[in-house]
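Q: Sharing final_38.cif here; it has mmCIF, C-alpha atoms.
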```
data_data
#
loop_
_atom_site.label_atom_id
_atom_site.label_comp_id
_atom_site.auth_asym_id
_atom_site.auth_seq_id
_atom_site.Cartn_x
_atom_site.Cartn_y
_atom_site.Cartn_z
CA MET A 228 0.00 0.00 0.00
CA THR A 229 1.31 3.40 -1.02
CA LEU A 230 -1.25 5.29 1.06
CA THR A 231 -2.09 4.88 4.73
CA ALA A 232 -5.31 3.10 5.67
CA SER A 233 -7.21 6.32 6.35
CA GLN A 234 -5.92 7.93 3.15
CA THR A 235 -7.03 4.84 1.23
CA LEU A 236 -10.46 4.94 2.84
CA ILE A 237 -10.88 8.62 1.95
CA THR A 238 -9.79 7.96 -1.65
CA VAL A 239 -12.29 5.08 -1.93
CA LEU A 240 -15.05 7.33 -0.59
CA ALA A 241 -14.07 10.15 -2.98
CA VAL A 242 -14.28 7.79 -5.96
CA ALA A 243 -17.63 6.49 -4.71
CA LEU A 244 -18.96 10.02 -4.14
CA GLY A 245 -17.95 11.10 -7.66
CA CYS A 246 -19.71 8.09 -9.17
CA MET A 247 -22.83 8.53 -7.07
CA ILE A 248 -23.10 12.22 -7.99
CA THR A 249 -23.35 11.16 -11.65
CA ARG A 250 -25.86 8.42 -10.88
CA PHE A 251 -28.15 10.37 -8.56
CA ALA A 252 -28.03 13.82 -10.19
CA PRO A 253 -30.78 13.23 -12.79
CA PHE A 254 -33.11 11.77 -10.17
CA VAL A 255 -32.43 14.67 -7.79
CA ILE A 256 -32.84 17.34 -10.48
CA PHE A 257 -36.04 15.74 -11.82
CA PRO A 258 -37.68 14.25 -8.71
CA ASP A 259 -40.37 11.60 -8.86
CA SER A 260 -43.01 13.99 -7.57
CA LYS A 261 -42.68 16.46 -10.44
CA GLU A 262 -43.23 15.97 -14.16
CA PRO A 263 -39.88 16.64 -15.92
CA PRO A 264 -39.78 19.09 -18.88
CA GLU A 265 -41.04 17.58 -22.12
CA VAL A 266 -37.59 17.62 -23.73
CA VAL A 267 -36.18 15.56 -20.83
CA THR A 268 -38.94 12.97 -21.15
CA TRP A 269 -38.23 12.82 -24.88
CA LEU A 270 -34.49 12.41 -24.25
CA GLY A 271 -35.29 9.61 -21.84
CA LYS A 272 -36.98 7.76 -24.70
CA VAL A 273 -34.27 8.22 -27.33
CA LEU A 274 -31.10 8.16 -25.21
CA PRO A 275 -31.11 4.39 -24.45
CA ALA A 276 -30.65 3.55 -28.14
CA ALA A 277 -28.02 6.27 -28.59
CA MET A 278 -26.14 5.24 -25.43
CA MET A 279 -26.18 1.59 -26.52
CA GLY A 280 -24.41 2.74 -29.69
CA LEU A 281 -21.91 4.63 -27.54
CA LEU A 282 -21.39 1.59 -25.28
CA VAL A 283 -20.60 -0.64 -28.26
CA VAL A 284 -18.03 1.87 -29.54
CA TYR A 285 -16.73 2.45 -25.98
CA SER A 286 -16.24 -1.25 -25.31
CA LEU A 287 -14.26 -1.57 -28.54
CA LYS A 288 -12.26 1.65 -28.18
CA GLY A 289 -9.05 -0.16 -27.25
CA VAL A 290 -9.01 -2.20 -30.45
CA SER A 291 -6.21 -1.15 -32.79
CA LEU A 292 -6.78 -1.53 -36.52
CA VAL A 293 -3.19 -0.72 -37.47
CA SER A 294 -1.34 -3.15 -35.21
CA PRO A 295 -1.90 -6.94 -35.27
CA PRO A 296 -4.37 -8.60 -35.03
CA HIS A 297 -6.00 -5.52 -36.60
CA GLY A 298 -9.33 -5.99 -34.84
CA ILE A 299 -9.99 -9.21 -36.78
CA PRO A 300 -11.05 -11.29 -33.72
CA GLU A 301 -13.51 -8.56 -32.68
CA PHE A 302 -14.83 -8.22 -36.22
CA LEU A 303 -15.36 -11.97 -36.68
CA ALA A 304 -16.95 -12.43 -33.26
CA ILE A 305 -19.38 -9.56 -33.85
CA LEU A 306 -20.17 -10.94 -37.32
CA VAL A 307 -21.08 -14.27 -35.69
CA ILE A 308 -23.26 -12.44 -33.15
CA VAL A 309 -25.10 -10.44 -35.83
CA LEU A 310 -25.74 -13.44 -38.11
CA LEU A 311 -26.74 -15.76 -35.29
CA HIS A 312 -28.98 -13.14 -33.76
CA ARG A 313 -30.79 -12.56 -37.07
CA TRP A 314 -31.26 -16.30 -37.43
CA LYS A 315 -32.21 -17.50 -33.95
CA HIS A 316 -33.04 -14.31 -32.06
CA ASN A 317 -31.77 -15.80 -28.83
CA THR A 318 -29.86 -13.27 -26.72
CA LEU A 319 -27.91 -15.72 -24.59
CA LEU A 320 -27.04 -17.97 -27.52
CA SER A 321 -25.72 -15.01 -29.52
CA ILE A 322 -23.61 -13.75 -26.63
CA ALA A 323 -22.26 -17.20 -25.72
CA ALA A 324 -21.37 -18.05 -29.31
CA GLY A 325 -19.76 -14.66 -29.95
CA THR A 326 -17.71 -14.88 -26.76
CA ALA A 327 -16.66 -18.48 -27.51
CA VAL A 328 -15.56 -17.53 -31.04
CA TYR A 329 -13.63 -14.57 -29.66
CA MET A 330 -11.88 -16.65 -26.99
CA LEU A 331 -10.98 -19.32 -29.51
CA LEU A 332 -9.53 -16.70 -31.86
CA VAL A 333 -7.45 -14.78 -29.32
CA GLN A 334 -6.20 -17.93 -27.58
CA THR A 335 -5.34 -20.12 -30.55
CA VAL A 336 -5.25 -18.18 -33.81
CA PHE A 337 -3.98 -14.69 -33.06
CA MET B 129 -49.95 -12.89 2.36
CA GLU B 130 -46.36 -13.54 3.38
CA GLU B 131 -46.24 -16.58 1.14
CA SER B 132 -47.56 -14.78 -1.95
CA ARG B 133 -45.03 -12.01 -1.41
CA SER B 134 -42.06 -14.36 -1.36
CA GLY B 135 -43.62 -16.17 -4.32
CA SER B 136 -43.74 -12.98 -6.37
CA LEU B 137 -40.19 -12.11 -5.33
CA ARG B 138 -39.02 -15.52 -6.49
CA GLN B 139 -40.87 -14.97 -9.75
CA ALA B 140 -39.12 -11.62 -10.27
CA ALA B 141 -35.72 -13.14 -9.46
CA ALA B 142 -36.36 -16.00 -11.89
CA ALA B 143 -37.30 -13.53 -14.63
CA ALA B 144 -34.26 -11.33 -13.97
CA PHE B 145 -31.57 -13.98 -13.60
CA PRO B 146 -31.29 -15.28 -17.21
CA LEU B 147 -30.80 -11.71 -18.47
CA THR B 148 -27.83 -11.24 -16.16
CA ILE B 149 -25.92 -14.40 -17.15
CA PRO B 150 -23.68 -12.56 -19.66
CA VAL B 151 -22.89 -10.03 -16.93
CA PHE B 152 -22.10 -12.92 -14.57
CA THR B 153 -19.33 -14.21 -16.86
CA GLY B 154 -17.99 -10.76 -17.69
CA PHE B 155 -18.07 -9.38 -14.15
CA LEU B 156 -16.61 -12.47 -12.57
CA VAL B 157 -13.62 -12.29 -14.90
CA LEU B 158 -13.17 -8.52 -14.74
CA GLY B 159 -13.93 -8.39 -11.02
CA MET B 160 -11.32 -11.06 -10.35
CA ALA B 161 -8.86 -9.24 -12.59
CA TYR B 162 -9.48 -6.11 -10.54
CA GLY B 163 -8.96 -7.98 -7.26
CA VAL B 164 -5.71 -9.47 -8.54
CA LEU B 165 -4.47 -6.14 -9.87
CA MET B 166 -5.22 -4.42 -6.55
CA GLN B 167 -3.42 -7.25 -4.77
CA THR B 168 -0.29 -6.81 -6.89
CA ASN B 169 -0.36 -3.09 -6.04
CA GLY B 170 -0.38 -3.85 -2.34
CA TYR B 171 -4.12 -3.57 -1.67
CA GLY B 172 -5.55 -6.87 -0.44
CA ALA B 173 -9.01 -8.37 -0.67
CA PHE B 174 -10.39 -6.08 2.03
CA TRP B 175 -9.62 -2.90 0.11
CA SER B 176 -10.54 -4.14 -3.35
CA THR B 177 -13.85 -5.56 -2.12
CA LEU B 178 -14.61 -2.38 -0.18
CA MET B 179 -13.99 -0.31 -3.30
CA SER B 180 -16.23 -2.57 -5.41
CA ALA B 181 -18.97 -2.55 -2.76
CA VAL B 182 -19.17 1.20 -2.14
CA ALA B 183 -18.08 2.71 -5.48
CA PHE B 184 -19.30 -0.04 -7.86
CA CYS B 185 -18.00 1.59 -11.05
CA GLY B 186 -15.86 -0.85 -13.07
CA SER B 187 -13.71 1.29 -15.33
CA MET B 188 -13.20 4.03 -12.75
CA GLN B 189 -12.03 1.47 -10.21
CA PHE B 190 -9.27 0.42 -12.59
CA ALA B 191 -8.38 4.09 -13.13
CA ALA B 192 -8.37 4.59 -9.36
CA ILE B 193 -5.49 2.13 -8.96
CA THR B 194 -3.29 4.93 -10.27
CA LEU B 195 -4.71 7.22 -7.58
CA LEU B 196 -4.03 4.66 -4.87
CA THR B 197 -0.42 4.27 -5.95
CA SER B 198 0.50 7.97 -6.13
CA ALA B 199 0.41 10.91 -3.73
CA PHE B 200 -2.77 11.33 -1.66
CA ASP B 201 -5.18 13.64 -3.50
CA PRO B 202 -8.88 13.02 -2.74
CA VAL B 203 -10.06 16.09 -4.67
CA ALA B 204 -8.43 14.79 -7.84
CA ALA B 205 -10.04 11.40 -7.15
CA LEU B 206 -13.46 13.02 -6.85
CA LEU B 207 -13.11 15.08 -10.04
CA LEU B 208 -11.68 12.21 -12.07
CA SER B 209 -14.51 9.97 -10.87
CA ILE B 210 -17.16 12.50 -11.93
CA MET B 211 -15.57 12.79 -15.38
CA VAL B 212 -15.05 9.08 -15.98
CA ASN B 213 -18.57 8.35 -14.75
CA ALA B 214 -20.33 11.22 -16.55
CA ARG B 215 -22.18 8.82 -18.87
CA HIS B 216 -24.37 7.83 -15.90
CA LEU B 217 -26.09 11.22 -16.24
CA PHE B 218 -27.69 10.01 -19.46
CA TYR B 219 -28.57 6.64 -17.92
CA GLY B 220 -30.45 8.44 -15.16
CA ILE B 221 -32.38 10.61 -17.62
CA SER B 222 -33.29 7.44 -19.54
CA MET B 223 -34.54 5.66 -16.44
CA LEU B 224 -36.59 8.51 -14.91
CA GLY B 225 -39.78 6.98 -16.32
CA LYS B 226 -39.02 3.31 -15.70
CA TYR B 227 -37.86 3.88 -12.13
CA LYS B 228 -40.78 6.17 -11.29
CA GLY B 229 -42.81 5.41 -8.18
CA LEU B 230 -40.75 2.50 -6.92
CA GLY B 231 -40.42 3.79 -3.36
CA ARG B 232 -37.56 2.55 -1.22
CA LYS B 233 -36.19 0.23 -3.92
CA ARG B 234 -35.36 3.26 -6.03
CA PHE B 235 -32.32 4.22 -3.97
CA PHE B 236 -30.61 0.90 -4.60
CA LEU B 237 -31.62 0.90 -8.29
CA ILE B 238 -29.95 4.30 -8.78
CA PHE B 239 -26.91 3.36 -6.68
CA GLY B 240 -26.35 0.25 -8.84
CA LEU B 241 -27.03 1.78 -12.25
CA CYS B 242 -23.83 0.67 -14.01
CA ASP B 243 -23.39 0.25 -17.81
CA GLU B 244 -24.52 -3.37 -17.78
CA THR B 245 -27.51 -2.93 -15.49
CA PHE B 246 -28.58 0.10 -17.52
CA SER B 247 -28.31 -1.78 -20.79
CA ILE B 248 -30.54 -4.58 -19.46
CA ALA B 249 -33.01 -2.44 -17.52
CA SER B 250 -33.48 0.07 -20.34
CA THR B 251 -34.20 -2.59 -22.98
CA ALA B 252 -35.88 -5.49 -21.14
CA GLN B 253 -39.55 -5.44 -20.20
CA PRO B 254 -40.61 -7.16 -16.98
CA PRO B 255 -42.67 -10.21 -18.03
CA GLU B 256 -46.46 -10.15 -17.62
CA GLY B 257 -47.50 -10.55 -13.99
CA VAL B 258 -44.01 -9.84 -12.59
CA ASP B 259 -43.68 -6.84 -10.30
CA ARG B 260 -41.76 -4.11 -12.15
CA GLY B 261 -39.83 -2.82 -9.15
CA SER B 262 -38.77 -6.30 -8.01
CA PHE B 263 -37.67 -7.19 -11.54
CA TYR B 264 -35.37 -4.16 -11.80
CA PHE B 265 -34.23 -4.76 -8.21
CA PHE B 266 -33.01 -8.27 -8.97
CA VAL B 267 -31.29 -7.28 -12.22
CA THR B 268 -29.43 -4.61 -10.24
CA LEU B 269 -28.74 -6.89 -7.25
CA PHE B 270 -27.42 -9.81 -9.30
CA ASP B 271 -25.06 -7.60 -11.32
CA TYR B 272 -23.86 -5.96 -8.10
CA LEU B 273 -23.16 -9.29 -6.41
CA TYR B 274 -21.27 -10.62 -9.45
CA TRP B 275 -18.94 -7.64 -9.38
CA VAL B 276 -18.35 -7.58 -5.62
CA GLY B 277 -18.07 -11.40 -5.49
CA GLY B 278 -15.63 -11.47 -8.41
CA THR B 279 -13.48 -8.84 -6.73
CA LEU B 280 -13.44 -10.77 -3.45
CA LEU B 281 -12.47 -14.00 -5.23
CA GLY B 282 -9.69 -12.27 -7.14
CA GLY B 283 -8.37 -10.62 -4.00
CA LEU B 284 -8.42 -13.85 -1.98
CA LEU B 285 -7.34 -16.41 -4.54
CA GLY B 286 -5.24 -14.43 -6.96
CA SER B 287 -5.00 -15.85 -10.46
CA VAL B 288 -5.65 -19.53 -9.76
CA ILE B 289 -8.16 -20.35 -12.49
CA PRO B 290 -6.90 -23.56 -14.13
CA PHE B 291 -7.90 -22.61 -17.68
CA SER B 292 -7.21 -19.52 -19.73
CA THR B 293 -9.96 -16.94 -19.44
CA GLU B 294 -8.37 -14.66 -22.01
CA GLY B 295 -11.17 -13.11 -24.01
CA LEU B 296 -13.96 -14.12 -21.62
CA ASP B 297 -14.61 -10.48 -20.79
CA PHE B 298 -15.74 -10.09 -24.41
CA ALA B 299 -19.10 -11.29 -23.03
CA LEU B 300 -19.80 -7.70 -21.99
CA THR B 301 -19.05 -6.34 -25.49
CA ALA B 302 -21.26 -9.12 -26.88
CA LEU B 303 -24.03 -8.11 -24.47
CA PHE B 304 -23.87 -4.49 -25.66
CA VAL B 305 -23.82 -5.60 -29.31
CA VAL B 306 -26.89 -7.84 -28.92
CA LEU B 307 -28.89 -5.20 -27.04
CA PHE B 308 -27.80 -2.65 -29.64
CA LEU B 309 -29.08 -4.97 -32.41
CA GLY B 310 -32.40 -5.04 -30.59
CA GLN B 311 -32.53 -1.23 -30.72
CA LEU B 312 -31.72 -1.30 -34.45
CA GLU B 313 -34.51 -3.79 -35.17
CA ASN B 314 -37.04 -1.46 -33.58
CA ALA B 315 -38.04 1.06 -36.26
CA GLY B 316 -38.73 3.73 -33.65
CA SER B 317 -35.29 3.65 -32.06
CA ARG B 318 -33.11 2.67 -35.04
CA ILE B 319 -32.19 6.22 -36.01
CA TYR B 320 -31.15 7.08 -32.44
CA GLY B 321 -28.98 3.99 -32.19
CA LEU B 322 -27.26 4.99 -35.41
CA ILE B 323 -26.81 8.59 -34.21
CA GLY B 324 -25.15 7.29 -31.04
CA THR B 325 -22.82 5.01 -32.97
CA VAL B 326 -21.80 7.49 -35.66
CA CYS B 327 -21.26 10.36 -33.20
CA SER B 328 -19.11 8.30 -30.82
CA LEU B 329 -17.13 6.76 -33.68
CA ALA B 330 -16.42 10.25 -35.03
CA VAL B 331 -15.35 11.48 -31.59
CA LEU B 332 -13.20 8.38 -31.05
CA LEU B 333 -11.35 9.06 -34.31
CA LEU B 334 -10.97 12.76 -33.47
CA VAL B 335 -9.89 12.73 -29.82
CA GLY B 336 -8.71 9.14 -29.28
CA ALA B 337 -9.75 6.39 -26.90
CA ASP B 338 -8.80 7.97 -23.58
CA ASN B 339 -11.14 10.96 -23.56
CA MET B 340 -13.98 9.95 -25.80
CA VAL B 341 -16.96 9.67 -23.45
CA ILE B 342 -17.85 13.24 -22.48
CA PRO B 343 -17.30 14.72 -25.99
CA SER B 344 -19.38 11.84 -27.41
CA MET B 345 -22.21 12.60 -24.98
CA ILE B 346 -22.15 16.29 -25.92
CA VAL B 347 -22.15 15.60 -29.67
CA ILE B 348 -24.96 13.01 -29.30
CA LEU B 349 -27.01 15.48 -27.26
CA ILE B 350 -26.55 18.28 -29.82
CA VAL B 351 -27.39 16.04 -32.78
CA LEU B 352 -30.47 14.65 -31.02
CA LEU B 353 -31.77 18.09 -30.07
CA ILE B 354 -31.20 19.52 -33.57
CA GLY B 355 -32.90 16.45 -35.06
CA ARG B 356 -35.86 16.83 -32.71
CA LYS B 357 -36.54 20.40 -33.83
CA ARG B 358 -36.47 19.39 -37.46
CA ILE B 359 -38.88 16.48 -37.16
#
```
Just give me the structure as structure tokens.

A:
Amino acid sequence: MTLTASQTLITVLAVALGCMITRFAPFVIFPDSKEPPEVVTWLGKVLPAAMMGLLVVYSLKGVSLVSPPHGIPEFLAILVIVLLHRWKHNTLLSIAAGTAVYMLLVQTVF
Amino acid sequence: MEESRSGSLRQAAAAAFPLTIPVFTGFLVLGMAYGVLMQTNGYGAFWSTLMSAVAFCGSMQFAAITLLTSAFDPVAALLLSIMVNARHLFYGISMLGKYKGLGRKRFFLIFGLCDETFSIASTAQPPEGVDRGSFYFFVTLFDYLYWVGGTLLGGLLGSVIPFSTEGLDFALTALFVVLFLGQLENAGSRIYGLIGTVCSLAVLLLVGADNMVIPSMIVILIVLLIGRKRI
């Protein structure tokens, strides 16, 4: 440990506080008892789809296209997920197959 | 009365659990990795599990290892945490409606609103006859326990898994991809999913991987609001 126990505890609490500010702020600003402005309600309907797009990009942000393996394992695994999902429409099956393909590729091929 | 209550709770747990299985695999692996990494930096299972239990914010916890291994600066920790976690602001706005009127459960639902729980809770509908609040509660609780449990295991056992788990954390990417596909299949949300993807890809190319989240959120917000006026 670099920090003392009490310094560590304070750092943990500071990280937690920062995270909880971002999680609770919308619910504090627009409390349950009051109807939020129309634009906020509208954003609440369209943001999930937009944020899911951001999460996909975010979870792949570390993938380098210029250095080996050039994002090929990610590309192939996602291709499997998309095709399988169109065919069977089974969430768990798509995720399990995509993950298995990815593990196989990064552990044995690349 | 008591019996029917526990029956409906069990029903909600049974409906929620299958949805969280991908998170189970991803969080167990990443949580253990976090516990091991903390261990190698001199912070044992007590500290890593405490961090996971009270802060519960995956990527920021990894970033916080740097904070724990340099000079004591809680203000920097607070500010960095707000910035890294800023995307939760949009999760909250998205869940205002779904988490409305859930009473005491609401506090825990908001506390545990991580990427994975948000992605499930914002897309899944509680099945017919299952209490809405209990359904969201169990999705949140299961994901929370996976993360804290994974951290504890990693901190206690270190890297003792007998087979290679390399790539297993791709389950979380796969989860996001599948839920994203669901948004694309829905004609009403397709355009917003595409806006989110294109905007964040553009920002990623412009500013790089390290600082992409807040600029992406701002660009998405601007594009959405301009689009809304035009339609």

Q: Looking at B:Arg138, B:Arg133, B:Arg260, B:His216, which one is nearest to Cys246 of chain A, with distances taken over only C-alpha atoms?

A: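 Looking only at the distances to Cys246 of chain A, the closest residue turns out to be B:His216.
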
Q: When distances are computed from all atoms listed in the file, which of B:Val351, B:Leu207, B:Ser250, B:Cys242 shows the smallest separation from Leu195 of chain B?

A: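 Of B:Val351, B:Leu207, B:Ser250, B:Cys242, the one nearest Leu195 of chain B is B:Leu207, counting all atoms listed in the file.
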
Q: Which neighbours of Ile323 of chain B fall inside 10 Å, counting only C-alpha atoms, when residues of the same chain fewer than 3 positions from it are skipped, and could you give them as a ChimeraX atom specification?

A: /A:274,276-278,280-281 /B:318-320,326-329,347-349,351-352,355

Q: Fewer than 5 positions away in the same chain doesn't count, so skip those; otherwise give me all residues within 12 Å of Ser286 of chain A, counting only C-alpha atoms, as a list in words.

A: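 My reading of the contact set: Met278, Met279, Gly280, Leu281 and Glu301 of chain A; Ser187, Asp243, Glu244, Asp297, Phe298, Ala299, Leu300, Thr301, Ala302, Leu303, Phe304, Val305, Thr325, Ser328, Leu329, Leu332, Ala337, Asp338, Met340 and Val341 of chain B.
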
Q: Tell me which residues the PyMOL selection byres ((chain A) within 6 of (chain B)) grabs here, as a compact mmCIF listing (two decimals) with C-alpha atoms, keeping the file's coordinate frame.

A:
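So the final result, stored in selection_36.txt, reads:
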```txt
# COMPACT_ATOMS: atom_id res chain seq x y z
CA MET A 228 0.00 0.00 0.00
CA THR A 229 1.31 3.40 -1.02
CA THR A 238 -9.79 7.96 -1.65
CA VAL A 239 -12.29 5.08 -1.93
CA ALA A 241 -14.07 10.15 -2.98
CA VAL A 242 -14.28 7.79 -5.96
CA ALA A 243 -17.63 6.49 -4.71
CA GLY A 245 -17.95 11.10 -7.66
CA CYS A 246 -19.71 8.09 -9.17
CA THR A 249 -23.35 11.16 -11.65
CA ARG A 250 -25.86 8.42 -10.88
CA PRO A 253 -30.78 13.23 -12.79
CA ASP A 259 -40.37 11.60 -8.86
CA GLY A 271 -35.29 9.61 -21.84
CA ALA A 276 -30.65 3.55 -28.14
CA ALA A 277 -28.02 6.27 -28.59
CA MET A 279 -26.18 1.59 -26.52
CA GLY A 280 -24.41 2.74 -29.69
CA LEU A 281 -21.91 4.63 -27.54
CA VAL A 283 -20.60 -0.64 -28.26
CA SER A 286 -16.24 -1.25 -25.31
CA LYS A 288 -12.26 1.65 -28.18
CA ILE A 322 -23.61 -13.75 -26.63
CA THR A 326 -17.71 -14.88 -26.76
CA MET A 330 -11.88 -16.65 -26.99
```

Q: Report, in Å to a single decimal, how far apart atom CA of Ser321 of chain A and atom CA of Ile308 of chain A are.

A: 5.1 Å

Q: Tell me, in Å to one decimal, how far atom CA of Glu265 of chain A is from atom CA of Ile346 of chain B.

A: 19.3 Å

Q: Give me, please, the distance in Å between atom CA of Phe337 of chain A and atom CA of Phe302 of chain A, quoted to one decimal.

A: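 Interatomic distance here is 13.0 Å.
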
Q: How would you write, as a compact mmCIF listing (two decimals) with C-alpha atoms, keeping the file's coordinate frame, the residues chosen by the PyMOL selection byres ((chain B and resi 275) around 10) on this structure?

A:
```txt
# COMPACT_ATOMS: atom_id res chain seq x y z
CA VAL B 151 -22.89 -10.03 -16.93
CA PHE B 152 -22.10 -12.92 -14.57
CA THR B 153 -19.33 -14.21 -16.86
CA GLY B 154 -17.99 -10.76 -17.69
CA PHE B 155 -18.07 -9.38 -14.15
CA LEU B 156 -16.61 -12.47 -12.57
CA VAL B 157 -13.62 -12.29 -14.90
CA LEU B 158 -13.17 -8.52 -14.74
CA GLY B 159 -13.93 -8.39 -11.02
CA MET B 160 -11.32 -11.06 -10.35
CA TYR B 162 -9.48 -6.11 -10.54
CA THR B 177 -13.85 -5.56 -2.12
CA SER B 180 -16.23 -2.57 -5.41
CA ALA B 181 -18.97 -2.55 -2.76
CA PHE B 184 -19.30 -0.04 -7.86
CA CYS B 185 -18.00 1.59 -11.05
CA GLY B 186 -15.86 -0.85 -13.07
CA PHE B 270 -27.42 -9.81 -9.30
CA ASP B 271 -25.06 -7.60 -11.32
CA TYR B 272 -23.86 -5.96 -8.10
CA LEU B 273 -23.16 -9.29 -6.41
CA TYR B 274 -21.27 -10.62 -9.45
CA VAL B 276 -18.35 -7.58 -5.62
CA GLY B 277 -18.07 -11.40 -5.49
CA GLY B 278 -15.63 -11.47 -8.41
CA THR B 279 -13.48 -8.84 -6.73
CA LEU B 280 -13.44 -10.77 -3.45
CA LEU B 281 -12.47 -14.00 -5.23
```

Q: As a check of understanding, name the residues that the PyMOL selection byres ((chain A and resi 303) around 12) selects in the supplied structure, as a list in words.

A: Pro296, His297, Gly298, Ile299, Pro300, Glu301, Phe302, Ala304, Ile305, Leu306, Val307, Ile308, Val309, Leu310, Ala324, Gly325, Thr326, Ala327, Val328, Tyr329, Met330, Leu331, Leu332 and Val333 of chain A; Ala302 of chain B

Q: Hey, can you spit out that residue selection with C-alpha atoms as a CSV table (one decimal), in the frame of the given file?

A:
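So the final result, stored in part.csv, reads:
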```
chain,number,residue,atom,x,y,z
A,296,PRO,CA,-4.4,-8.6,-35.0
A,297,HIS,CA,-6.0,-5.5,-36.6
A,298,GLY,CA,-9.3,-6.0,-34.8
A,299,ILE,CA,-10.0,-9.2,-36.8
A,300,PRO,CA,-11.0,-11.3,-33.7
A,301,GLU,CA,-13.5,-8.6,-32.7
A,302,PHE,CA,-14.8,-8.2,-36.2
A,304,ALA,CA,-17.0,-12.4,-33.3
A,305,ILE,CA,-19.4,-9.6,-33.8
A,306,LEU,CA,-20.2,-10.9,-37.3
A,307,VAL,CA,-21.1,-14.3,-35.7
A,308,ILE,CA,-23.3,-12.4,-33.2
A,309,VAL,CA,-25.1,-10.4,-35.8
A,310,LEU,CA,-25.7,-13.4,-38.1
A,324,ALA,CA,-21.4,-18.0,-29.3
A,325,GLY,CA,-19.8,-14.7,-30.0
A,326,THR,CA,-17.7,-14.9,-26.8
A,327,ALA,CA,-16.7,-18.5,-27.5
A,328,VAL,CA,-15.6,-17.5,-31.0
A,329,TYR,CA,-13.6,-14.6,-29.7
A,330,MET,CA,-11.9,-16.6,-27.0
A,331,LEU,CA,-11.0,-19.3,-29.5
A,332,LEU,CA,-9.5,-16.7,-31.9
A,333,VAL,CA,-7.4,-14.8,-29.3
B,302,ALA,CA,-21.3,-9.1,-26.9
```

Q: Which one of B:Asn339, B:Ser134, B:Thr194, B:Gln139 sits closest to Pro254 of chain B if you count only C-alpha atoms?

A: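 Between B:Asn339, B:Ser134, B:Thr194, B:Gln139, the residue approaching Pro254 of chain B most closely is B:Gln139.
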